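Structure file coords01.txt (compact mmCIF, N, CA and C atoms) follows.
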```txt
# COMPACT_ATOMS: atom_id res chain seq x y z
N MET X 12 -28.84 10.66 -34.71
CA MET X 12 -29.88 11.01 -33.76
C MET X 12 -31.24 10.77 -34.41
N CYS X 13 -32.18 10.42 -33.59
CA CYS X 13 -33.56 10.31 -34.07
C CYS X 13 -34.49 10.77 -32.96
N ARG X 14 -35.71 11.06 -33.32
CA ARG X 14 -36.70 11.52 -32.34
C ARG X 14 -37.70 10.40 -32.09
N LEU X 15 -38.06 10.27 -30.80
CA LEU X 15 -39.11 9.32 -30.46
C LEU X 15 -40.45 10.03 -30.59
N ASN X 16 -41.43 9.40 -31.08
CA ASN X 16 -42.81 9.88 -31.22
C ASN X 16 -42.95 11.04 -32.21
N ASN X 17 -41.92 11.54 -32.77
CA ASN X 17 -41.92 12.62 -33.75
C ASN X 17 -42.68 13.85 -33.32
N GLY X 18 -42.99 14.03 -32.04
CA GLY X 18 -43.70 15.22 -31.57
C GLY X 18 -42.71 16.31 -31.19
N PRO X 19 -43.21 17.54 -30.94
CA PRO X 19 -42.33 18.64 -30.62
C PRO X 19 -41.62 18.46 -29.28
N MET X 20 -42.19 17.69 -28.34
CA MET X 20 -41.57 17.50 -27.03
C MET X 20 -40.89 16.13 -26.94
N SER X 21 -40.66 15.52 -28.06
CA SER X 21 -40.08 14.18 -28.03
C SER X 21 -38.59 14.24 -27.67
N LYS X 22 -38.10 13.12 -27.18
CA LYS X 22 -36.70 13.03 -26.76
C LYS X 22 -35.81 12.71 -27.95
N LYS X 23 -34.65 13.29 -27.91
CA LYS X 23 -33.64 12.90 -28.88
C LYS X 23 -32.84 11.75 -28.27
N ILE X 24 -32.60 10.72 -29.07
CA ILE X 24 -31.77 9.63 -28.58
C ILE X 24 -30.66 9.38 -29.59
N SER X 25 -29.60 8.89 -29.10
CA SER X 25 -28.47 8.59 -29.97
C SER X 25 -28.62 7.17 -30.49
N LEU X 26 -28.33 6.99 -31.75
CA LEU X 26 -28.37 5.66 -32.33
C LEU X 26 -27.08 4.90 -32.04
N HIS X 27 -26.08 5.61 -31.57
CA HIS X 27 -24.79 4.98 -31.25
C HIS X 27 -24.70 4.81 -29.74
N LYS X 28 -24.27 3.64 -29.33
CA LYS X 28 -24.12 3.40 -27.90
C LYS X 28 -22.90 4.18 -27.40
N LYS X 29 -23.07 4.80 -26.24
CA LYS X 29 -21.94 5.49 -25.63
C LYS X 29 -21.05 4.45 -24.98
N LYS X 30 -19.76 4.63 -25.17
CA LYS X 30 -18.82 3.72 -24.53
C LYS X 30 -18.70 4.11 -23.06
N LYS X 31 -18.87 3.12 -22.21
CA LYS X 31 -18.68 3.37 -20.79
C LYS X 31 -17.18 3.35 -20.51
N SER X 32 -16.74 4.32 -19.71
CA SER X 32 -15.33 4.30 -19.36
C SER X 32 -15.14 3.18 -18.35
N LYS X 33 -14.17 2.35 -18.63
CA LYS X 33 -13.93 1.21 -17.77
C LYS X 33 -13.15 1.66 -16.55
N ALA X 34 -13.76 1.57 -15.41
CA ALA X 34 -13.09 1.92 -14.17
C ALA X 34 -12.20 0.75 -13.76
N VAL X 35 -11.07 1.08 -13.19
CA VAL X 35 -10.16 0.05 -12.69
C VAL X 35 -10.82 -0.59 -11.48
N SER X 36 -10.75 -1.90 -11.39
CA SER X 36 -11.38 -2.60 -10.27
C SER X 36 -10.69 -2.22 -8.95
N LEU X 37 -11.42 -2.32 -7.85
CA LEU X 37 -10.84 -2.02 -6.54
C LEU X 37 -9.65 -2.93 -6.22
N PRO X 38 -9.71 -4.24 -6.50
CA PRO X 38 -8.54 -5.08 -6.25
C PRO X 38 -7.31 -4.64 -7.06
N SER X 39 -7.53 -4.22 -8.30
CA SER X 39 -6.41 -3.74 -9.12
C SER X 39 -5.85 -2.44 -8.58
N LEU X 40 -6.74 -1.57 -8.14
CA LEU X 40 -6.32 -0.29 -7.56
C LEU X 40 -5.57 -0.52 -6.24
N THR X 41 -6.04 -1.45 -5.44
CA THR X 41 -5.37 -1.80 -4.18
C THR X 41 -3.97 -2.34 -4.46
N ALA X 42 -3.86 -3.21 -5.45
CA ALA X 42 -2.56 -3.79 -5.81
C ALA X 42 -1.60 -2.70 -6.29
N LYS X 43 -2.09 -1.76 -7.07
CA LYS X 43 -1.24 -0.67 -7.55
C LYS X 43 -0.81 0.22 -6.39
N ALA X 44 -1.74 0.53 -5.49
CA ALA X 44 -1.40 1.36 -4.32
C ALA X 44 -0.36 0.64 -3.47
N GLN X 45 -0.51 -0.67 -3.29
CA GLN X 45 0.45 -1.44 -2.49
C GLN X 45 1.82 -1.44 -3.16
N LYS X 46 1.85 -1.57 -4.47
CA LYS X 46 3.11 -1.58 -5.22
C LYS X 46 3.86 -0.25 -5.06
N VAL X 47 3.15 0.86 -5.22
CA VAL X 47 3.77 2.19 -5.10
C VAL X 47 4.20 2.45 -3.66
N PHE X 48 3.35 2.08 -2.70
CA PHE X 48 3.67 2.26 -1.29
C PHE X 48 4.91 1.43 -0.91
N ASN X 49 4.95 0.17 -1.35
CA ASN X 49 6.10 -0.69 -1.06
C ASN X 49 7.38 -0.14 -1.68
N ALA X 50 7.28 0.41 -2.87
CA ALA X 50 8.46 1.02 -3.52
C ALA X 50 8.96 2.19 -2.69
N TYR X 51 8.05 2.97 -2.15
CA TYR X 51 8.43 4.09 -1.28
C TYR X 51 9.14 3.58 -0.03
N ILE X 52 8.61 2.53 0.59
CA ILE X 52 9.22 1.96 1.80
C ILE X 52 10.63 1.48 1.49
N ARG X 53 10.80 0.81 0.36
CA ARG X 53 12.14 0.33 -0.03
C ARG X 53 13.10 1.51 -0.21
N GLN X 54 12.60 2.57 -0.83
CA GLN X 54 13.44 3.75 -1.02
C GLN X 54 13.76 4.42 0.32
N ARG X 55 12.76 4.56 1.17
CA ARG X 55 12.93 5.20 2.47
C ARG X 55 13.94 4.46 3.34
N ASP X 56 13.88 3.13 3.30
CA ASP X 56 14.69 2.32 4.22
C ASP X 56 16.02 1.85 3.64
N SER X 57 16.40 2.36 2.50
CA SER X 57 17.68 1.96 1.91
C SER X 57 18.59 3.18 1.74
N LYS X 58 19.88 2.87 1.65
CA LYS X 58 20.86 3.92 1.43
C LYS X 58 22.00 3.34 0.62
N GLU X 59 22.27 3.98 -0.49
CA GLU X 59 23.37 3.59 -1.37
C GLU X 59 23.35 2.10 -1.73
N GLY X 60 22.15 1.59 -2.01
CA GLY X 60 22.01 0.22 -2.48
C GLY X 60 21.93 -0.84 -1.38
N TYR X 61 21.91 -0.43 -0.12
CA TYR X 61 21.85 -1.37 0.99
C TYR X 61 20.75 -0.98 1.97
N PHE X 62 20.35 -1.93 2.80
CA PHE X 62 19.36 -1.67 3.83
C PHE X 62 19.68 -2.56 5.03
N THR X 63 19.12 -2.21 6.18
CA THR X 63 19.24 -3.04 7.37
C THR X 63 17.88 -3.63 7.67
N CYS X 64 17.81 -4.96 7.70
CA CYS X 64 16.55 -5.66 7.95
C CYS X 64 16.05 -5.32 9.35
N ILE X 65 14.78 -4.95 9.44
CA ILE X 65 14.16 -4.57 10.71
C ILE X 65 14.09 -5.77 11.67
N SER X 66 14.09 -6.99 11.15
CA SER X 66 13.95 -8.18 12.00
C SER X 66 15.28 -8.76 12.47
N CYS X 67 16.17 -9.07 11.52
CA CYS X 67 17.44 -9.70 11.89
C CYS X 67 18.59 -8.70 12.02
N PHE X 68 18.36 -7.48 11.61
CA PHE X 68 19.30 -6.36 11.69
C PHE X 68 20.57 -6.56 10.86
N LYS X 69 20.48 -7.42 9.85
CA LYS X 69 21.61 -7.61 8.93
C LYS X 69 21.55 -6.54 7.86
N THR X 70 22.71 -6.06 7.43
CA THR X 70 22.78 -5.12 6.32
C THR X 70 22.96 -5.94 5.05
N LEU X 71 22.07 -5.72 4.10
CA LEU X 71 22.02 -6.53 2.89
C LEU X 71 21.78 -5.65 1.67
N PRO X 72 22.06 -6.19 0.46
CA PRO X 72 21.76 -5.43 -0.76
C PRO X 72 20.26 -5.23 -0.91
N ILE X 73 19.89 -4.10 -1.49
CA ILE X 73 18.48 -3.73 -1.64
C ILE X 73 17.67 -4.77 -2.43
N GLU X 74 18.32 -5.55 -3.28
CA GLU X 74 17.62 -6.56 -4.08
C GLU X 74 16.95 -7.62 -3.21
N SER X 75 17.44 -7.79 -1.98
CA SER X 75 16.84 -8.81 -1.10
C SER X 75 15.86 -8.20 -0.10
N MET X 76 15.39 -6.97 -0.37
CA MET X 76 14.48 -6.29 0.54
C MET X 76 13.02 -6.48 0.14
N ASN X 77 12.20 -6.74 1.15
CA ASN X 77 10.74 -6.69 1.02
C ASN X 77 10.24 -5.55 1.89
N ALA X 78 9.04 -5.10 1.61
CA ALA X 78 8.37 -4.16 2.50
C ALA X 78 7.55 -5.03 3.45
N GLY X 79 8.10 -5.29 4.63
CA GLY X 79 7.48 -6.22 5.57
C GLY X 79 6.53 -5.52 6.53
N HIS X 80 5.36 -6.11 6.70
CA HIS X 80 4.34 -5.56 7.62
C HIS X 80 4.52 -6.16 9.01
N TYR X 81 4.55 -5.32 10.03
CA TYR X 81 4.58 -5.80 11.41
C TYR X 81 3.24 -6.46 11.73
N VAL X 82 2.16 -5.73 11.50
CA VAL X 82 0.82 -6.31 11.60
C VAL X 82 0.45 -6.74 10.19
N PRO X 83 0.25 -8.04 9.97
CA PRO X 83 -0.04 -8.52 8.62
C PRO X 83 -1.31 -7.90 8.03
N VAL X 84 -1.32 -7.74 6.74
CA VAL X 84 -2.47 -7.17 6.03
C VAL X 84 -3.71 -8.03 6.23
N LYS X 85 -3.54 -9.34 6.26
CA LYS X 85 -4.69 -10.25 6.43
C LYS X 85 -5.38 -10.03 7.76
N GLY X 86 -4.62 -9.66 8.77
CA GLY X 86 -5.21 -9.47 10.09
C GLY X 86 -5.71 -8.06 10.33
N GLY X 87 -4.99 -7.08 9.82
CA GLY X 87 -5.34 -5.69 10.10
C GLY X 87 -5.23 -4.82 8.87
N SER X 88 -6.24 -4.89 8.02
CA SER X 88 -6.19 -4.15 6.76
C SER X 88 -6.16 -2.63 6.96
N ALA X 89 -6.56 -2.17 8.15
CA ALA X 89 -6.51 -0.73 8.43
C ALA X 89 -5.07 -0.22 8.46
N LEU X 90 -4.12 -1.12 8.72
CA LEU X 90 -2.70 -0.73 8.83
C LEU X 90 -1.90 -1.03 7.56
N ARG X 91 -2.58 -1.43 6.51
CA ARG X 91 -1.92 -1.80 5.25
C ARG X 91 -0.96 -0.72 4.75
N PHE X 92 -1.38 0.54 4.81
CA PHE X 92 -0.57 1.64 4.28
C PHE X 92 -0.03 2.54 5.38
N ASN X 93 0.13 2.01 6.57
CA ASN X 93 0.67 2.77 7.70
C ASN X 93 2.19 2.68 7.66
N GLU X 94 2.87 3.81 7.55
CA GLU X 94 4.33 3.83 7.41
C GLU X 94 5.05 3.26 8.62
N TYR X 95 4.47 3.36 9.80
CA TYR X 95 5.10 2.76 10.99
C TYR X 95 5.01 1.23 10.93
N ASN X 96 3.97 0.72 10.32
CA ASN X 96 3.72 -0.72 10.28
C ASN X 96 4.53 -1.44 9.21
N VAL X 97 5.08 -0.72 8.25
CA VAL X 97 5.78 -1.35 7.13
C VAL X 97 7.21 -0.85 7.08
N ASN X 98 8.14 -1.82 7.07
CA ASN X 98 9.56 -1.48 7.11
C ASN X 98 10.36 -2.44 6.24
N GLY X 99 11.57 -2.02 5.89
CA GLY X 99 12.45 -2.86 5.09
C GLY X 99 12.79 -4.13 5.85
N GLU X 100 12.51 -5.25 5.21
CA GLU X 100 12.76 -6.55 5.84
C GLU X 100 13.33 -7.49 4.78
N CYS X 101 14.30 -8.30 5.16
CA CYS X 101 14.89 -9.21 4.17
C CYS X 101 13.88 -10.29 3.79
N GLN X 102 14.07 -10.85 2.62
CA GLN X 102 13.14 -11.85 2.10
C GLN X 102 13.07 -13.07 3.01
N ARG X 103 14.19 -13.45 3.60
CA ARG X 103 14.21 -14.63 4.48
C ARG X 103 13.32 -14.40 5.70
N CYS X 104 13.51 -13.26 6.36
CA CYS X 104 12.71 -12.97 7.56
C CYS X 104 11.23 -12.80 7.21
N ASN X 105 10.95 -12.08 6.14
CA ASN X 105 9.57 -11.78 5.78
C ASN X 105 8.80 -13.02 5.32
N GLY X 106 9.50 -13.94 4.68
CA GLY X 106 8.78 -15.06 4.10
C GLY X 106 8.97 -16.41 4.76
N PHE X 107 10.09 -16.60 5.47
CA PHE X 107 10.40 -17.96 5.91
C PHE X 107 10.71 -18.09 7.40
N ASP X 108 10.83 -17.01 8.12
CA ASP X 108 11.19 -17.08 9.53
C ASP X 108 9.96 -16.81 10.39
N GLU X 109 9.43 -17.88 10.98
CA GLU X 109 8.20 -17.72 11.77
C GLU X 109 8.42 -16.92 13.05
N PHE X 110 9.66 -16.73 13.47
CA PHE X 110 9.96 -15.98 14.69
C PHE X 110 10.45 -14.55 14.40
N HIS X 111 10.32 -14.11 13.15
CA HIS X 111 10.85 -12.80 12.77
C HIS X 111 10.22 -11.64 13.53
N LEU X 112 9.00 -11.81 14.01
CA LEU X 112 8.33 -10.70 14.70
C LEU X 112 8.98 -10.37 16.04
N ILE X 113 9.74 -11.31 16.61
CA ILE X 113 10.45 -11.02 17.87
C ILE X 113 11.49 -9.93 17.61
N GLY X 114 12.33 -10.13 16.60
CA GLY X 114 13.32 -9.12 16.24
C GLY X 114 12.68 -7.87 15.66
N TYR X 115 11.61 -8.06 14.87
CA TYR X 115 10.91 -6.93 14.26
C TYR X 115 10.43 -5.99 15.36
N ARG X 116 9.76 -6.53 16.37
CA ARG X 116 9.22 -5.69 17.43
C ARG X 116 10.34 -4.96 18.18
N LYS X 117 11.38 -5.70 18.51
CA LYS X 117 12.50 -5.11 19.25
C LYS X 117 13.10 -3.91 18.51
N HIS X 118 13.35 -4.09 17.23
CA HIS X 118 13.96 -3.02 16.43
C HIS X 118 12.96 -1.92 16.07
N LEU X 119 11.69 -2.27 15.97
CA LEU X 119 10.66 -1.27 15.71
C LEU X 119 10.51 -0.34 16.91
N VAL X 120 10.59 -0.89 18.10
CA VAL X 120 10.54 -0.06 19.32
C VAL X 120 11.71 0.93 19.31
N LEU X 121 12.90 0.47 18.91
CA LEU X 121 14.05 1.37 18.83
C LEU X 121 13.84 2.46 17.78
N LYS X 122 13.14 2.11 16.70
CA LYS X 122 12.94 3.04 15.59
C LYS X 122 11.83 4.06 15.86
N ILE X 123 10.69 3.62 16.39
CA ILE X 123 9.54 4.53 16.52
C ILE X 123 9.05 4.71 17.96
N GLY X 124 9.54 3.90 18.88
CA GLY X 124 9.14 4.03 20.27
C GLY X 124 8.06 3.04 20.69
N GLU X 125 8.06 2.71 21.98
CA GLU X 125 7.14 1.72 22.54
C GLU X 125 5.67 2.14 22.36
N ALA X 126 5.37 3.41 22.55
CA ALA X 126 3.97 3.87 22.48
C ALA X 126 3.37 3.64 21.09
N LYS X 127 4.14 3.92 20.04
CA LYS X 127 3.63 3.74 18.68
C LYS X 127 3.49 2.26 18.33
N VAL X 128 4.42 1.44 18.82
CA VAL X 128 4.32 0.00 18.57
C VAL X 128 3.10 -0.56 19.29
N THR X 129 2.87 -0.13 20.51
CA THR X 129 1.70 -0.57 21.27
C THR X 129 0.41 -0.17 20.54
N ARG X 130 0.40 1.01 19.98
CA ARG X 130 -0.78 1.46 19.23
C ARG X 130 -1.04 0.58 18.00
N LEU X 131 0.03 0.22 17.29
CA LEU X 131 -0.11 -0.70 16.15
C LEU X 131 -0.72 -2.02 16.63
N GLU X 132 -0.22 -2.52 17.76
CA GLU X 132 -0.71 -3.79 18.30
C GLU X 132 -2.17 -3.69 18.72
N GLN X 133 -2.58 -2.55 19.23
CA GLN X 133 -3.98 -2.35 19.62
C GLN X 133 -4.90 -2.31 18.40
N GLU X 134 -4.38 -1.85 17.28
CA GLU X 134 -5.18 -1.73 16.05
C GLU X 134 -5.03 -2.96 15.16
N ARG X 135 -4.40 -3.98 15.66
CA ARG X 135 -4.07 -5.20 14.92
C ARG X 135 -5.25 -5.86 14.22
N ASN X 136 -6.42 -5.84 14.81
CA ASN X 136 -7.57 -6.55 14.24
C ASN X 136 -8.58 -5.64 13.53
N LYS X 137 -8.23 -4.38 13.36
CA LYS X 137 -9.16 -3.47 12.67
C LYS X 137 -9.18 -3.76 11.18
N VAL X 138 -10.36 -3.94 10.69
CA VAL X 138 -10.54 -4.18 9.25
C VAL X 138 -11.05 -2.88 8.65
N TYR X 139 -10.53 -2.55 7.49
CA TYR X 139 -10.92 -1.30 6.84
C TYR X 139 -11.06 -1.54 5.35
N LYS X 140 -12.11 -1.05 4.79
CA LYS X 140 -12.31 -1.16 3.34
C LYS X 140 -11.88 0.16 2.72
N TRP X 141 -10.81 0.11 1.97
CA TRP X 141 -10.26 1.31 1.33
C TRP X 141 -11.13 1.71 0.16
N SER X 142 -11.45 3.00 0.07
CA SER X 142 -12.29 3.49 -1.02
C SER X 142 -11.43 3.77 -2.26
N ARG X 143 -12.08 3.88 -3.37
CA ARG X 143 -11.41 4.20 -4.64
C ARG X 143 -10.64 5.52 -4.51
N THR X 144 -11.26 6.53 -3.92
CA THR X 144 -10.62 7.84 -3.76
C THR X 144 -9.39 7.74 -2.87
N GLU X 145 -9.51 7.01 -1.77
CA GLU X 145 -8.36 6.86 -0.87
C GLU X 145 -7.20 6.15 -1.56
N LEU X 146 -7.51 5.10 -2.31
CA LEU X 146 -6.46 4.36 -3.01
C LEU X 146 -5.79 5.23 -4.08
N GLU X 147 -6.58 6.01 -4.79
CA GLU X 147 -6.02 6.92 -5.80
C GLU X 147 -5.14 7.97 -5.13
N ASP X 148 -5.58 8.47 -3.96
CA ASP X 148 -4.77 9.44 -3.21
C ASP X 148 -3.45 8.84 -2.75
N ILE X 149 -3.49 7.59 -2.31
CA ILE X 149 -2.27 6.89 -1.88
C ILE X 149 -1.31 6.74 -3.06
N ILE X 150 -1.84 6.34 -4.18
CA ILE X 150 -1.01 6.18 -5.39
C ILE X 150 -0.37 7.51 -5.76
N ASN X 151 -1.15 8.58 -5.78
CA ASN X 151 -0.61 9.90 -6.15
C ASN X 151 0.41 10.40 -5.14
N HIS X 152 0.10 10.24 -3.85
CA HIS X 152 0.99 10.72 -2.79
C HIS X 152 2.35 10.03 -2.84
N TYR X 153 2.35 8.71 -2.88
CA TYR X 153 3.62 7.98 -2.83
C TYR X 153 4.36 8.03 -4.17
N SER X 154 3.64 8.17 -5.26
CA SER X 154 4.31 8.38 -6.55
C SER X 154 5.07 9.70 -6.55
N THR X 155 4.44 10.73 -5.98
CA THR X 155 5.09 12.05 -5.88
C THR X 155 6.31 11.96 -4.99
N LEU X 156 6.21 11.28 -3.85
CA LEU X 156 7.35 11.13 -2.96
C LEU X 156 8.51 10.38 -3.62
N LEU X 157 8.17 9.35 -4.38
CA LEU X 157 9.20 8.58 -5.08
C LEU X 157 9.93 9.45 -6.10
N LYS X 158 9.18 10.24 -6.84
CA LYS X 158 9.78 11.11 -7.86
C LYS X 158 10.64 12.21 -7.23
N SER X 159 10.20 12.73 -6.10
CA SER X 159 10.93 13.83 -5.47
C SER X 159 12.26 13.40 -4.85
N LYS X 160 12.40 12.11 -4.55
CA LYS X 160 13.63 11.63 -3.92
C LYS X 160 14.64 11.09 -4.91
N LYS X 161 14.27 11.05 -6.18
CA LYS X 161 15.20 10.53 -7.19
C LYS X 161 16.22 11.56 -7.58
```

Take the structure in this file and express it as C-alpha cells.
Amino acid sequence: MCRLNNGPMSKKISLHKKKKSKAVSLPSLTAKAQKVFNAYIRQRDSKEGYFTCISCFKTLPIESMNAGHYVPVKGGSALRFNEYNVNGECQRCNGFDEFHLIGYRKHLVLKIGEAKVTRLEQERNKVYKWSRTELEDIINHYSTLLKSKK
C-alpha cells in the first residue's frame, strides 16, 4: 500500500492489481443451461433405457434420443426451456426428417392437449434474451431435478 499526496486525507491505493473474477460468458451459460435442461428431458421421457419418439412413435434405446424442440430455438427463443416444447425425439426425426413436425404435433396434442399446443404455436416467434440470473436458476433447478431422480 502507498499513500497519494502523503497528506492526512490522502487515499490508500494498492500496488497490486486486484484480479477480476472472470464471469462465464452468456453464450457459455446458455449452452450449459441447455445441456442440463436437455439431460432432464431425456431422463423425464425415458424408462428403463428406452423412450418413445414424440414424432415417429417408435420405441428406441435412449442412446438414440435427442431433446427435440417443437418450436425451434432459432425461431422462438422464448420457448427454449419450455418443458411442453421439448420432448424425447429420435435422432433421425430431429435431424433428418423434414416432415417430423406432423407426427410431433399429433403426439404432442395427445400428450399435453390441443390448447397447450396452440399456445406454443402462438408464441412461436417470440424472441427472448435470457438473463444471467435466469440461466443460473435454470441450471440449478434442472440439476437438482436430475439428482433427485437418480

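With all atoms listed in the file as the atoms that count, the minimum distance from X:Tyr153 to the choices X:Val47, X:Thr63, X:Ser36, X:Lys140 is reached by X:Val47.
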
For stretch 48-52 of chain X, please output as a tab-separated table (two decimals) with N, CA and C atoms, in the frame of the given file all residues within 6.5 Å (counting all atoms listed in the file; exclusion window: fewer than 3 positions along the same chain).
```tsv
chain	number	residue	atom	x	y	z
X	43	LYS	N	-2.09	-1.76	-7.07
X	43	LYS	CA	-1.24	-0.67	-7.55
X	43	LYS	C	-0.81	0.22	-6.39
X	44	ALA	N	-1.74	0.53	-5.49
X	44	ALA	CA	-1.40	1.36	-4.32
X	44	ALA	C	-0.36	0.64	-3.47
X	45	GLN	N	-0.51	-0.67	-3.29
X	45	GLN	CA	0.45	-1.44	-2.49
X	45	GLN	C	1.82	-1.44	-3.16
X	55	ARG	N	12.76	4.56	1.17
X	55	ARG	CA	12.93	5.20	2.47
X	55	ARG	C	13.94	4.46	3.34
X	56	ASP	N	13.88	3.13	3.30
X	56	ASP	CA	14.69	2.32	4.22
X	56	ASP	C	16.02	1.85	3.64
X	57	SER	N	16.40	2.36	2.50
X	57	SER	CA	17.68	1.96	1.91
X	57	SER	C	18.59	3.18	1.74
X	78	ALA	N	9.04	-5.10	1.61
X	78	ALA	CA	8.37	-4.16	2.50
X	78	ALA	C	7.55	-5.03	3.45
X	97	VAL	N	5.08	-0.72	8.25
X	97	VAL	CA	5.78	-1.35	7.13
X	97	VAL	C	7.21	-0.85	7.08
X	98	ASN	N	8.14	-1.82	7.07
X	98	ASN	CA	9.56	-1.48	7.11
X	98	ASN	C	10.36	-2.44	6.24
X	99	GLY	N	11.57	-2.02	5.89
X	99	GLY	CA	12.45	-2.86	5.09
X	99	GLY	C	12.79	-4.13	5.85
X	153	TYR	N	2.35	8.71	-2.88
X	153	TYR	CA	3.62	7.98	-2.83
X	153	TYR	C	4.36	8.03	-4.17
X	157	LEU	N	8.17	9.35	-4.38
X	157	LEU	CA	9.20	8.58	-5.08
X	157	LEU	C	9.93	9.45	-6.10
```

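Interatomic distance, atom CA of X:Gln133 against atom N of X:Ser66: 20.5 Å.
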
So how many Å separate atom N of X:Glu100 and atom C of X:Val35, to one decimal?
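Here the two named atoms are 29.1 Å from each other.
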
- Query: By how many Å are atom N of X:Ser142 and atom CA of X:Leu156 apart?
  - Reply: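 Result for atom N of X:Ser142 versus atom CA of X:Leu156: 20.7 Å, one decimal.
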
Q | All strand (DSSP E) positions in stretch 61-153 of chain X, as a list in words | A | Tyr61, Phe62, Thr63, Thr70, Leu71, Pro72, Met76, Asn77, Ala78, Gly79, His80, Val97, Asn98, Gly99, Glu100 and Cys101 of chain X

Can you tell me which residues surround stretch 67-75 of chain X at a distance of at most 6.5 Å, considering only N, CA and C atoms, apart from same-chain residues fewer than 3 positions away, and format the answer as a PyMOL selection string? chain X and resi 60-64+100-102+114-115

Using only C-alpha atoms, the shortest atom-to-atom distance to X:Leu121 among X:Phe107, X:Tyr95, X:Val82, X:Ser159 belongs to X:Tyr95

Name the residues in contact with X:Val138 at a cut-off of 10 Å, using only C-alpha atoms, excluding same-chain residues fewer than 6 positions from it; report them as a list in words.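 Here the answer would be Val84, Lys85, Gly86, Gly87, Ser88, Ala89, Leu90 and Arg91 of chain X.
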
Using only C-alpha atoms and a cutoff of 7 Å, can you tell me which residues are near (6.2, -11.1, 7.5) in the file's coordinates, and write them out as a PDB file with N, CA and C atoms, keeping the file's coordinate frame?
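Output file point38.pdb is given in full below:
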```pdb
ATOM      1  N   GLY X  79       8.100  -5.290   4.630  1.00  0.00           N
ATOM      2  CA  GLY X  79       7.480  -6.220   5.570  1.00  0.00           C
ATOM      3  C   GLY X  79       6.530  -5.520   6.530  1.00  0.00           C
ATOM      4  N   HIS X  80       5.360  -6.110   6.700  1.00  0.00           N
ATOM      5  CA  HIS X  80       4.340  -5.560   7.620  1.00  0.00           C
ATOM      6  C   HIS X  80       4.520  -6.160   9.010  1.00  0.00           C
ATOM      7  N   TYR X  81       4.550  -5.320  10.030  1.00  0.00           N
ATOM      8  CA  TYR X  81       4.580  -5.800  11.410  1.00  0.00           C
ATOM      9  C   TYR X  81       3.240  -6.460  11.730  1.00  0.00           C
ATOM     10  N   PRO X  83       0.250  -8.040   9.970  1.00  0.00           N
ATOM     11  CA  PRO X  83      -0.040  -8.520   8.620  1.00  0.00           C
ATOM     12  C   PRO X  83      -1.310  -7.900   8.030  1.00  0.00           C
ATOM     13  N   CYS X 104      13.510 -13.260   6.360  1.00  0.00           N
ATOM     14  CA  CYS X 104      12.710 -12.970   7.560  1.00  0.00           C
ATOM     15  C   CYS X 104      11.230 -12.800   7.210  1.00  0.00           C
ATOM     16  N   ASN X 105      10.950 -12.080   6.140  1.00  0.00           N
ATOM     17  CA  ASN X 105       9.570 -11.780   5.780  1.00  0.00           C
ATOM     18  C   ASN X 105       8.800 -13.020   5.320  1.00  0.00           C
ATOM     19  N   GLY X 106       9.500 -13.940   4.680  1.00  0.00           N
ATOM     20  CA  GLY X 106       8.780 -15.060   4.100  1.00  0.00           C
ATOM     21  C   GLY X 106       8.970 -16.410   4.760  1.00  0.00           C
TER      22      GLY X 106
END
```

Run DSSP on the backbone and tell me which residues of stretch 44-151 of chain X come out as helix (DSSP H, G or I); list them as a ChimeraX atom specification.
/X:44-55,73-75,88-90,102-107,111-123,125-133,143-151
